[in-house]
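Okay, start.cif now, which holds mmCIF, C-alpha atoms and all ligand atoms:
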```cif
data_query
#
loop_
_atom_site.label_atom_id
_atom_site.label_comp_id
_atom_site.auth_asym_id
_atom_site.auth_seq_id
_atom_site.Cartn_x
_atom_site.Cartn_y
_atom_site.Cartn_z
CA MET R 17 -139.50 -97.62 11.35
CA SER R 18 -143.18 -98.56 11.60
CA GLU R 19 -144.23 -100.72 14.53
CA ARG R 20 -144.90 -104.40 13.82
CA ILE R 21 -148.55 -105.44 14.16
CA TYR R 22 -149.35 -108.88 15.49
CA SER R 23 -152.63 -110.84 15.57
CA ARG R 24 -153.26 -111.78 19.19
CA ILE R 25 -155.81 -114.37 20.26
CA ALA R 26 -158.14 -112.30 22.45
CA GLY R 27 -160.66 -115.07 23.14
CA THR R 28 -161.51 -118.67 22.27
CA GLY R 29 -164.76 -120.63 22.15
CA SER R 30 -166.10 -123.99 21.05
CA ALA R 31 -169.33 -125.93 20.56
CA LEU R 32 -170.21 -129.61 20.29
CA PRO R 33 -173.43 -131.40 19.29
CA ALA R 34 -175.41 -132.84 22.19
CA ARG R 35 -175.35 -136.47 21.05
CA VAL R 36 -172.34 -138.60 21.96
CA VAL R 37 -171.72 -141.87 20.12
CA SER R 38 -169.41 -144.38 21.81
CA ASN R 39 -167.22 -146.96 20.08
CA ASP R 40 -169.47 -149.67 21.51
CA GLU R 41 -172.48 -148.10 19.81
CA LEU R 42 -170.63 -148.10 16.47
CA ALA R 43 -169.69 -151.76 17.02
CA GLN R 44 -173.41 -152.51 16.84
CA ARG R 45 -173.55 -151.06 13.30
CA VAL R 46 -170.29 -152.26 11.71
CA GLU R 47 -167.80 -155.02 12.43
CA THR R 48 -165.42 -153.25 14.79
CA SER R 49 -164.69 -152.97 18.50
CA ASP R 50 -163.84 -150.37 21.13
CA GLU R 51 -160.49 -152.11 21.51
CA TRP R 52 -159.62 -151.85 17.76
CA ILE R 53 -160.67 -148.20 17.47
CA ALA R 54 -158.98 -147.10 20.70
CA THR R 55 -155.72 -148.95 19.98
CA ARG R 56 -155.40 -147.80 16.35
CA THR R 57 -156.66 -144.23 16.75
CA GLY R 58 -157.02 -143.22 20.42
CA ILE R 59 -160.71 -142.41 19.78
CA ARG R 60 -163.24 -143.46 22.47
CA GLN R 61 -166.28 -141.46 21.42
CA ARG R 62 -167.39 -138.64 19.10
CA HIS R 63 -170.21 -136.06 19.01
CA VAL R 64 -172.68 -136.40 16.13
CA ALA R 65 -174.84 -133.49 14.96
CA GLY R 66 -178.59 -134.04 15.18
CA GLU R 67 -181.50 -132.19 13.67
CA GLY R 68 -181.04 -128.43 13.83
CA GLU R 69 -177.31 -128.74 14.58
CA THR R 70 -175.33 -127.60 11.56
CA THR R 71 -171.89 -126.37 10.60
CA VAL R 72 -173.21 -122.80 10.85
CA SER R 73 -175.07 -123.22 14.15
CA LEU R 74 -172.05 -124.88 15.81
CA GLY R 75 -169.74 -122.23 14.35
CA ARG R 76 -172.03 -119.45 15.57
CA ASP R 77 -172.14 -120.88 19.12
CA ALA R 78 -168.36 -121.22 19.20
CA ALA R 79 -168.00 -117.67 17.83
CA LEU R 80 -170.34 -116.21 20.48
CA ARG R 81 -168.29 -117.88 23.23
CA ALA R 82 -165.04 -116.60 21.73
CA MET R 83 -166.44 -113.06 21.54
CA GLU R 84 -167.64 -113.26 25.13
CA ALA R 85 -164.20 -114.46 26.28
CA ALA R 86 -162.56 -111.62 24.33
CA GLY R 87 -165.01 -109.01 25.62
CA VAL R 88 -165.85 -108.12 22.01
CA GLU R 89 -169.31 -107.18 20.72
CA PRO R 90 -170.41 -108.61 17.34
CA GLY R 91 -170.43 -105.07 15.92
CA GLU R 92 -166.67 -104.77 16.48
CA ILE R 93 -165.89 -107.70 14.15
CA ASP R 94 -164.47 -106.44 10.85
CA LEU R 95 -163.55 -109.78 9.21
CA ILE R 96 -164.94 -113.33 9.27
CA VAL R 97 -162.94 -116.28 7.95
CA PHE R 98 -164.68 -119.64 8.26
CA GLY R 99 -162.77 -122.89 7.74
CA THR R 100 -165.01 -125.75 6.65
CA THR R 101 -165.30 -128.57 4.14
CA THR R 102 -168.92 -129.33 5.11
CA PRO R 103 -170.67 -125.98 4.48
CA ASN R 104 -174.41 -125.71 5.19
CA LEU R 105 -175.06 -124.78 1.56
CA ILE R 106 -173.04 -124.63 -1.64
CA PHE R 107 -173.64 -120.90 -1.42
CA PRO R 108 -173.95 -118.49 0.31
CA SER R 109 -170.84 -119.36 2.29
CA SER R 110 -171.13 -120.54 5.88
CA ALA R 111 -169.30 -117.34 6.83
CA CYS R 112 -172.11 -115.24 5.31
CA LEU R 113 -174.82 -117.41 6.89
CA MET R 114 -173.17 -117.09 10.31
CA GLN R 115 -172.61 -113.37 9.83
CA ALA R 116 -176.35 -112.91 9.29
CA GLU R 117 -177.11 -114.87 12.47
CA LEU R 118 -174.70 -112.67 14.38
CA GLY R 119 -176.32 -109.55 12.88
CA ILE R 120 -173.09 -107.96 11.68
CA ALA R 121 -173.63 -107.18 8.00
CA GLY R 122 -170.94 -105.22 6.20
CA CYS R 123 -167.58 -106.78 6.99
CA PRO R 124 -165.96 -109.25 4.57
CA ALA R 125 -166.93 -112.87 5.27
CA PHE R 126 -165.78 -115.95 3.37
CA ASP R 127 -165.10 -119.67 3.71
CA VAL R 128 -161.78 -121.43 3.36
CA ASN R 129 -161.84 -125.07 2.29
CA ALA R 130 -158.59 -126.85 3.12
CA ALA R 131 -160.25 -130.01 4.52
CA CYS R 132 -158.90 -130.82 7.99
CA CYS R 133 -156.40 -127.97 7.68
CA GLY R 134 -159.24 -125.43 7.28
CA PHE R 135 -158.79 -123.63 10.59
CA VAL R 136 -155.01 -123.34 10.19
CA TYR R 137 -155.50 -121.90 6.70
CA ALA R 138 -158.27 -119.58 7.95
CA ILE R 139 -156.28 -118.15 10.85
CA SER R 140 -153.29 -117.67 8.58
CA VAL R 141 -155.42 -115.66 6.13
CA ALA R 142 -156.94 -113.57 8.94
CA ASP R 143 -153.45 -112.93 10.35
CA LYS R 144 -152.41 -111.47 7.00
CA PHE R 145 -155.46 -109.15 6.94
CA ILE R 146 -154.57 -107.91 10.42
CA ARG R 147 -150.87 -107.47 9.78
CA SER R 148 -151.58 -105.52 6.59
CA GLY R 149 -153.92 -103.20 8.54
CA ASP R 150 -157.04 -104.29 6.61
CA ALA R 151 -158.71 -105.73 9.74
CA LYS R 152 -158.45 -105.07 13.45
CA THR R 153 -160.82 -107.60 15.06
CA ALA R 154 -161.27 -110.85 13.15
CA LEU R 155 -163.48 -113.81 13.87
CA VAL R 156 -161.90 -117.09 12.76
CA VAL R 157 -163.97 -120.26 12.88
CA GLY R 158 -163.34 -123.94 12.18
CA SER R 159 -166.61 -125.87 12.07
CA GLU R 160 -167.70 -129.18 10.56
CA THR R 161 -170.45 -131.75 10.38
CA LEU R 162 -168.31 -134.43 8.74
CA THR R 163 -170.60 -137.21 9.98
CA ARG R 164 -173.20 -136.00 7.45
CA MET R 165 -170.97 -137.27 4.62
CA VAL R 166 -169.60 -140.39 6.20
CA ASP R 167 -170.53 -143.82 4.85
CA TRP R 168 -171.90 -145.40 8.03
CA SER R 169 -171.40 -148.88 6.57
CA ASP R 170 -167.64 -148.36 5.96
CA ARG R 171 -165.82 -149.31 9.17
CA SER R 172 -162.51 -147.96 7.89
CA THR R 173 -163.83 -144.36 7.92
CA CYS R 174 -167.04 -144.10 9.97
CA VAL R 175 -165.27 -144.74 13.27
CA LEU R 176 -162.88 -141.82 12.76
CA PHE R 177 -164.99 -138.70 12.40
CA GLY R 178 -167.04 -136.45 14.68
CA ASP R 179 -168.70 -133.03 14.54
CA GLY R 180 -167.79 -129.82 16.33
CA ALA R 181 -166.58 -126.25 16.08
CA GLY R 182 -164.05 -123.88 17.55
CA ALA R 183 -163.45 -120.16 17.11
CA VAL R 184 -161.02 -117.42 18.04
CA VAL R 185 -161.21 -113.64 18.06
CA LEU R 186 -157.98 -112.19 16.70
CA LYS R 187 -157.13 -108.59 17.60
CA ALA R 188 -154.43 -106.34 16.23
CA ASP R 189 -151.77 -105.91 18.93
CA SER R 190 -148.46 -104.09 19.00
CA ALA R 191 -146.87 -106.41 21.60
CA THR R 192 -147.31 -110.06 20.74
CA GLY R 193 -149.39 -112.75 19.02
CA ILE R 194 -148.95 -114.95 15.94
CA LEU R 195 -145.24 -115.17 15.11
CA SER R 196 -145.48 -117.09 11.84
CA THR R 197 -147.75 -119.31 9.77
CA HIS R 198 -146.68 -121.96 7.24
CA LEU R 199 -149.09 -123.39 4.67
CA HIS R 200 -148.58 -126.17 2.13
CA ALA R 201 -150.62 -128.25 -0.33
CA ASP R 202 -150.11 -131.10 -2.79
CA GLY R 203 -153.10 -131.81 -5.01
CA ALA R 204 -151.44 -134.80 -6.68
CA LYS R 205 -152.50 -137.16 -3.89
CA LYS R 206 -156.18 -136.19 -3.86
CA GLU R 207 -157.54 -139.72 -4.18
CA LEU R 208 -156.01 -140.89 -0.92
CA LEU R 209 -158.52 -138.78 1.04
CA TRP R 210 -161.49 -137.18 -0.66
CA ASN R 211 -165.17 -136.92 -1.32
CA PRO R 212 -165.50 -137.34 -5.09
CA VAL R 213 -168.93 -135.70 -5.43
CA GLY R 214 -169.21 -131.99 -6.18
CA VAL R 215 -171.26 -129.69 -8.38
CA SER R 216 -169.26 -129.64 -11.59
CA GLU R 217 -168.12 -133.26 -11.25
CA GLY R 218 -169.57 -136.41 -9.70
CA PHE R 219 -173.05 -134.99 -9.03
CA LYS R 220 -175.81 -136.77 -10.97
CA PRO R 221 -178.80 -134.49 -11.59
CA GLY R 222 -182.13 -136.18 -10.96
CA GLU R 223 -180.55 -139.06 -9.05
CA ASP R 224 -180.26 -139.78 -5.37
CA ASN R 225 -176.89 -138.27 -4.43
CA ALA R 226 -176.99 -139.61 -0.90
CA GLY R 227 -173.81 -141.53 -1.77
CA VAL R 228 -171.79 -138.37 -1.07
CA ARG R 229 -169.11 -139.80 1.20
CA VAL R 230 -165.56 -139.63 2.46
CA LEU R 231 -163.14 -142.10 0.88
CA MET R 232 -159.74 -142.71 2.39
CA THR R 233 -156.72 -144.97 2.07
CA GLY R 234 -155.96 -144.68 5.78
CA ASN R 235 -152.52 -146.25 6.02
CA GLU R 236 -151.17 -144.16 3.11
CA VAL R 237 -152.64 -140.97 4.60
CA PHE R 238 -151.01 -141.89 7.90
CA LYS R 239 -147.53 -142.10 6.35
CA HIS R 240 -147.91 -138.85 4.38
CA ALA R 241 -149.21 -137.03 7.46
CA VAL R 242 -146.32 -138.07 9.71
CA ARG R 243 -143.73 -137.17 7.07
CA ALA R 244 -145.30 -133.79 6.23
CA LEU R 245 -145.76 -132.82 9.88
CA ASP R 246 -142.15 -133.72 10.73
CA SER R 247 -140.77 -131.35 8.13
CA LEU R 248 -143.40 -128.71 8.99
CA VAL R 249 -142.26 -128.67 12.62
CA ASP R 250 -138.64 -128.25 11.53
CA GLU R 251 -139.60 -125.48 9.08
CA THR R 252 -141.56 -123.58 11.74
CA LEU R 253 -138.80 -123.75 14.34
CA GLU R 254 -136.13 -122.75 11.82
CA ALA R 255 -138.13 -119.76 10.54
CA ASN R 256 -138.28 -118.42 14.09
CA GLY R 257 -134.74 -119.32 15.14
CA LEU R 258 -136.11 -121.55 17.88
CA ASP R 259 -135.05 -124.84 19.40
CA ARG R 260 -137.69 -127.57 19.73
CA HIS R 261 -137.46 -127.31 23.53
CA ASP R 262 -138.66 -123.69 23.39
CA ILE R 263 -142.27 -124.70 22.59
CA ASP R 264 -144.55 -124.78 25.66
CA TRP R 265 -147.58 -126.47 24.08
CA LEU R 266 -148.31 -128.49 20.97
CA ILE R 267 -151.93 -128.28 19.82
CA PRO R 268 -152.17 -130.69 16.89
CA HIS R 269 -154.97 -131.68 14.56
CA GLN R 270 -156.82 -134.50 16.29
CA ALA R 271 -157.02 -137.30 13.70
CA ASN R 272 -155.11 -140.14 15.30
CA LEU R 273 -153.24 -140.36 18.61
CA ARG R 274 -150.37 -142.20 16.92
CA ILE R 275 -149.84 -139.32 14.47
CA ILE R 276 -149.92 -136.86 17.39
CA GLU R 277 -147.37 -138.93 19.32
CA ALA R 278 -145.06 -139.01 16.29
CA THR R 279 -145.09 -135.19 16.07
CA ALA R 280 -144.53 -134.87 19.83
CA LYS R 281 -141.54 -137.19 19.49
CA ARG R 282 -140.11 -135.00 16.72
CA LEU R 283 -140.35 -132.07 19.16
CA ASP R 284 -138.92 -134.19 22.01
CA MET R 285 -142.01 -133.08 23.88
CA PRO R 286 -143.59 -135.10 26.71
CA MET R 287 -147.27 -135.91 26.08
CA GLU R 288 -148.17 -133.81 29.17
CA ARG R 289 -147.46 -130.73 27.03
CA VAL R 290 -149.54 -131.92 24.08
CA ILE R 291 -153.27 -131.14 24.00
CA VAL R 292 -155.19 -134.32 23.20
CA THR R 293 -158.96 -134.33 22.62
CA VAL R 294 -159.18 -137.01 19.92
CA ASP R 295 -160.37 -139.50 22.56
CA LYS R 296 -163.53 -137.44 23.19
CA HIS R 297 -164.12 -135.74 19.82
CA GLY R 298 -162.72 -138.04 17.13
CA ASN R 299 -161.55 -136.21 14.00
CA THR R 300 -163.64 -133.04 13.68
CA SER R 301 -161.64 -131.82 10.67
CA SER R 302 -161.45 -127.98 10.72
CA GLY R 303 -163.06 -128.00 14.16
CA SER R 304 -160.32 -130.00 15.81
CA VAL R 305 -157.52 -127.48 16.39
CA PRO R 306 -159.72 -124.61 17.70
CA LEU R 307 -161.70 -127.09 19.85
CA ALA R 308 -158.46 -128.34 21.40
CA LEU R 309 -157.17 -124.78 21.78
CA ASP R 310 -160.33 -123.68 23.57
CA GLU R 311 -160.15 -126.65 25.91
CA ALA R 312 -156.48 -125.92 26.65
CA VAL R 313 -157.25 -122.27 27.43
CA ARG R 314 -160.37 -122.89 29.52
CA SER R 315 -158.75 -125.67 31.54
CA GLY R 316 -155.96 -123.23 32.45
CA LYS R 317 -153.24 -125.26 30.73
CA VAL R 318 -152.23 -122.68 28.14
CA GLN R 319 -151.25 -119.44 29.88
CA ARG R 320 -150.67 -115.94 28.54
CA GLY R 321 -147.11 -115.48 27.34
CA GLN R 322 -146.53 -119.15 26.47
CA LEU R 323 -145.32 -120.35 23.08
CA VAL R 324 -147.91 -122.51 21.33
CA LEU R 325 -147.57 -124.52 18.11
CA LEU R 326 -150.74 -125.37 16.16
CA GLU R 327 -150.52 -127.82 13.25
CA ALA R 328 -152.83 -129.76 10.95
CA PHE R 329 -152.86 -132.11 7.98
CA GLY R 330 -155.83 -132.85 5.74
CA GLY R 331 -157.25 -133.92 2.40
CA GLY R 332 -155.84 -132.16 -0.62
CA PHE R 333 -153.30 -132.84 0.74
CA THR R 334 -153.04 -129.68 2.80
CA TRP R 335 -150.86 -129.08 5.84
CA GLY R 336 -149.86 -126.09 7.89
CA SER R 337 -148.71 -124.66 11.20
CA VAL R 338 -149.12 -121.54 13.32
CA LEU R 339 -146.60 -120.49 15.93
CA LEU R 340 -147.95 -117.97 18.43
CA ARG R 341 -147.27 -116.39 21.75
CA TYR R 342 -150.59 -116.73 23.53
N1 LIG X 1 -162.46 -152.04 12.97
C1 LIG X 1 -161.81 -153.22 12.82
N2 LIG X 1 -160.97 -153.43 11.79
C2 LIG X 1 -160.78 -152.44 10.92
C3 LIG X 1 -161.43 -151.20 11.03
C4 LIG X 1 -162.30 -151.02 12.11
N3 LIG X 1 -162.96 -149.86 12.33
N4 LIG X 1 -161.03 -150.40 10.01
C5 LIG X 1 -160.17 -151.11 9.29
N5 LIG X 1 -160.02 -152.36 9.81
C6 LIG X 1 -159.17 -153.45 9.35
C7 LIG X 1 -158.87 -153.40 7.88
O1 LIG X 1 -159.92 -153.94 7.13
C8 LIG X 1 -157.61 -154.19 7.77
O2 LIG X 1 -157.94 -155.55 7.78
P1 LIG X 1 -157.13 -156.59 6.87
O3 LIG X 1 -155.73 -156.55 7.37
O4 LIG X 1 -157.84 -157.88 7.10
O5 LIG X 1 -157.26 -156.09 5.46
C9 LIG X 1 -156.89 -153.91 9.11
O6 LIG X 1 -157.89 -153.36 9.97
C10 LIG X 1 -155.72 -152.96 8.98
O7 LIG X 1 -156.13 -151.85 8.22
P2 LIG X 1 -155.20 -150.60 8.03
O8 LIG X 1 -155.93 -149.56 7.24
O9 LIG X 1 -153.84 -151.00 7.52
O10 LIG X 1 -155.04 -150.12 9.57
P3 LIG X 1 -154.19 -148.98 10.20
O11 LIG X 1 -153.36 -149.47 11.30
O12 LIG X 1 -153.52 -148.14 9.16
O13 LIG X 1 -155.32 -148.07 10.88
C11 LIG X 1 -156.48 -146.02 10.42
C12 LIG X 1 -156.34 -147.51 10.10
C13 LIG X 1 -157.52 -145.43 9.49
C14 LIG X 1 -156.89 -145.88 11.85
C15 LIG X 1 -155.11 -145.32 10.22
O14 LIG X 1 -154.56 -145.69 8.99
C16 LIG X 1 -155.22 -143.82 10.28
O15 LIG X 1 -155.58 -143.26 11.28
N6 LIG X 1 -154.81 -143.15 9.18
C17 LIG X 1 -154.80 -141.74 9.13
C18 LIG X 1 -156.19 -141.26 8.98
C19 LIG X 1 -156.26 -139.80 9.10
O16 LIG X 1 -155.58 -139.23 9.90
N7 LIG X 1 -157.13 -139.22 8.30
C20 LIG X 1 -157.46 -137.89 8.36
C21 LIG X 1 -156.33 -137.00 8.08
S1 LIG X 1 -156.98 -135.44 8.26
#
```

Could you render the structure as structure tokens?
Amino acid sequence: MSERIYSRIAGTGSALPARVVSNDELAQRVETSDEWIATRTGIRQRHVAGEGETTVSLGRDAALRAMEAAGVEPGEIDLIVFGTTTPNLIFPSSACLMQAELGIAGCPAFDVNAACCGFVYAISVADKFIRSGDAKTALVVGSETLTRMVDWSDRSTCVLFGDGAGAVVLKADSATGILSTHLHADGAKKELLWNPVGVSEGFKPGEDNAGVRVLMTGNEVFKHAVRALDSLVDETLEANGLDRHDIDWLIPHQANLRIIEATAKRLDMPMERVIVTVDKHGNTSSGSVPLALDEAVRSGKVQRGQLVLLEAFGGGFTWGSVLLRY
């Protein structure tokens, strides 16, 4: 019988824009307050990309840190999967642009757009490349500059988002790593969370398209997210024959503290074993899970050998999980 190959996380990295915007600063632009934002979402501040800071530059910085942590040279990377819904350009992909900056031409490089679930989708795809033997050392990135398409006059959305990136190096390993991934989507609910301007639809040639913005029916998204994540947690545990108490760490998508707490409750998990960064980063979409993972690893919380559950929910709708032994 041939030996099972796993994708093991060999190193993590992250990057954030320099500028921090507090809730109080936002309250000077729109009718809101630190109290409202913190109570409803858990967010206290977010990083906002400035000039020269882009989805690709943040992704590249996170990738370099992940490679350094893994002890991997850029030339060893044989696959790049880049989760983003705010690419630098329509094409080439952000994966190709980052690949050029890293100087590693030749290996396959492509973007995955699954909105806030982008990193979970990307790592799942990379895991399949590794398990099939088509890649040995993959770079997986989640990077976003969501604030570039936020309507700064809409208080129901502009307070929620931030910019940032995270990355992991995945290496083929015969001992341990990703145990399973579970991906889902339901395109029927697209209008509850979307940006209705694209190339083939919504874009008006010759006109100012600066209106490109995120639209969301927040309370509906909230309900769908909690419901989908509940059944996703059950599905992931069942697929691995595990009890909810077996999980050491939950690293959820950081959209809203109340959604995170609902998932922790489903797992009967104390909040001390849940990685929370939404207070500092806001919702960084595809960046959120790898940013939280990197913080958990670098702070010494997540240790080698522990069982870690990653999960995310985003526009599409898309939702997914990754269960791994770190
Ligand atoms: N400051 C002050 N008041 C605000 C506000 C803000 N920033 N944003 C909205 N409000 C107001 C609304 O206008 C509404 O007022 P009204 O009752 O007079 O009409 C009131 O607050 C309640 O709005 P509602 O949308 O029902 O609030 P909520 O408790 O659902 O919280 C969200 C709003 C957006 C924080 C919450 O729904 C949420 O987090 N949803 C999920 C979002 C998400 O996770 N998206 C990304 C998934 S990847």

- Of the candidates R:Ile96, R:Ala130, R:Ala65, R:Met285, which shows the shortest atom-to-atom distance to ligand LIG 1 (chain X), using only C-alpha atoms and all ligand atoms? R:Ala130

- Message: I'd like the interatomic distance between atom CA of R:Asp50 and atom CA of R:Asn211, to a tenth of an Å.
- Response: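 Between these atoms lies a distance of 26.2 Å.
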
- So how many Å separate atom CA of R:Cys112 and atom CA of R:Tyr22, to one decimal?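 Computed distance, atom CA of R:Cys112 to atom CA of R:Tyr22, equals 25.7 Å.
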
Pull the closest atom pair for each residue of chain R that gets at most 6 Å from ligand LIG 1 (chain X), along with the distance in Å to one decimal, counting only C-alpha atoms and all ligand atoms, ordering rows by chain and then ascending residue number, as a Markdown table.
```
| residue | atom | partner | partner_atom | distance |
| --- | --- | --- | --- | --- |
| R:Thr48 | CA | X:LIG1 | N1 | 3.7 |
| R:Trp52 | CA | X:LIG1 | N1 | 5.6 |
| R:Ile53 | CA | X:LIG1 | N3 | 5.9 |
| R:Arg56 | CA | X:LIG1 | C14 | 5.1 |
| R:Thr57 | CA | X:LIG1 | C14 | 5.2 |
| R:Cys132 | CA | X:LIG1 | S1 | 5.0 |
| R:Arg171 | CA | X:LIG1 | N3 | 4.3 |
| R:Ser172 | CA | X:LIG1 | N4 | 3.6 |
| R:Val175 | CA | X:LIG1 | N3 | 5.7 |
| R:Gly234 | CA | X:LIG1 | O14 | 3.6 |
| R:Asn235 | CA | X:LIG1 | O14 | 3.6 |
| R:Val237 | CA | X:LIG1 | C17 | 5.1 |
| R:Phe238 | CA | X:LIG1 | C17 | 4.0 |
| R:Ala271 | CA | X:LIG1 | O16 | 4.5 |
| R:Asn272 | CA | X:LIG1 | O15 | 5.1 |
| R:Phe329 | CA | X:LIG1 | S1 | 5.3 |
| R:Gly330 | CA | X:LIG1 | S1 | 3.8 |
```

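We find atom CA of R:Asp262 and atom CA of R:Val141 to be spaced 25.4 Å apart.
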
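Each of R:Ala116, R:Cys174, R:Cys123, R:Phe219 was compared to R:Leu42 using only C-alpha atoms, and R:Cys174 turns out to be the nearest.
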
- For R:Ala280, which residue among R:Gly99, R:Pro268, R:Gly149, R:Pro306 is the nearest when counting all atoms listed in the file?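 Once distances to R:Ala280 are computed over all atoms listed in the file, the minimum belongs to R:Pro268.
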
- Query: With only C-alpha atoms as the basis for distance, which of R:Val37, R:Thr55, R:Val185, R:Glu69 is at the shortest distance from R:Met83?
  - Reply: R:Val185

- Residue contacts of R:Asp246 (9 Å, only C-alpha atoms) excluding same-chain residues fewer than 3 positions away, as a PyMOL selection string: chain R and resi 241-243+249-251+278-279+282-283

- Measuring atom to atom with all atoms listed in the file, identify which of R:Thr192, R:Thr28, R:Gln61, R:Asn256 is nearest to R:Val313. R:Thr28

- Message: From the options R:Arg341, R:Arg260, R:Arg60, R:Arg229, which residue's atoms come nearest to R:Leu273, counting all atoms listed in the file?
- Response: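 Counting all atoms listed in the file, the residue closest to R:Leu273 is R:Arg60.
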
- Query: What's the 7 Å shell around R:Gly332, counting only C-alpha atoms, without same-chain residues fewer than 3 positions away, as a ChimeraX atom specification?
  - Reply: /R:201-203,205-206

Subset file: stretch 299-341 of chain R, C-alpha atoms, as a compact mmCIF listing (two decimals), in the first residue's frame:
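This went into selection-v7.txt:
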```txt
# COMPACT_ATOMS: atom_id res chain seq x y z
CA ASN R 299 -12.63 41.82 8.59
CA THR R 300 -9.67 41.35 6.23
CA SER R 301 -11.57 38.85 4.07
CA SER R 302 -9.12 36.24 2.67
CA GLY R 303 -6.39 37.70 4.86
CA SER R 304 -8.16 37.00 8.12
CA VAL R 305 -7.60 33.27 8.73
CA PRO R 306 -3.88 33.19 7.79
CA LEU R 307 -3.29 36.43 9.75
CA ALA R 308 -4.88 34.86 12.83
CA LEU R 309 -2.99 31.61 12.25
CA ASP R 310 0.33 33.43 12.03
CA GLU R 311 -0.39 35.35 15.20
CA ALA R 312 -1.36 32.13 17.00
CA VAL R 313 1.86 30.41 15.89
CA ARG R 314 4.21 33.32 16.61
CA SER R 315 2.69 34.00 20.03
CA GLY R 316 3.39 30.37 20.94
CA LYS R 317 -0.28 29.49 21.41
CA VAL R 318 -0.55 26.90 18.66
CA GLN R 319 2.05 24.17 19.21
CA ARG R 320 3.30 21.39 16.95
CA GLY R 321 1.12 18.30 17.21
CA GLN R 322 -2.06 20.17 18.18
CA LEU R 323 -5.36 19.80 16.34
CA VAL R 324 -6.45 23.06 14.71
CA LEU R 325 -9.74 23.90 12.98
CA LEU R 326 -9.79 26.73 10.43
CA GLU R 327 -13.13 27.96 9.09
CA ALA R 328 -14.52 30.83 7.02
CA PHE R 329 -17.72 32.18 5.49
CA GLY R 330 -17.95 34.78 2.74
CA GLY R 331 -19.81 36.34 -0.16
CA GLY R 332 -21.05 33.94 -2.79
CA PHE R 333 -22.03 32.52 -0.38
CA THR R 334 -18.93 30.42 0.18
CA TRP R 335 -17.94 28.56 3.33
CA GLY R 336 -15.34 26.00 4.24
CA SER R 337 -13.12 24.42 6.87
CA VAL R 338 -9.69 22.86 7.22
CA LEU R 339 -8.82 20.42 9.98
CA LEU R 340 -5.08 19.99 10.50
CA ARG R 341 -2.53 18.66 12.89
```
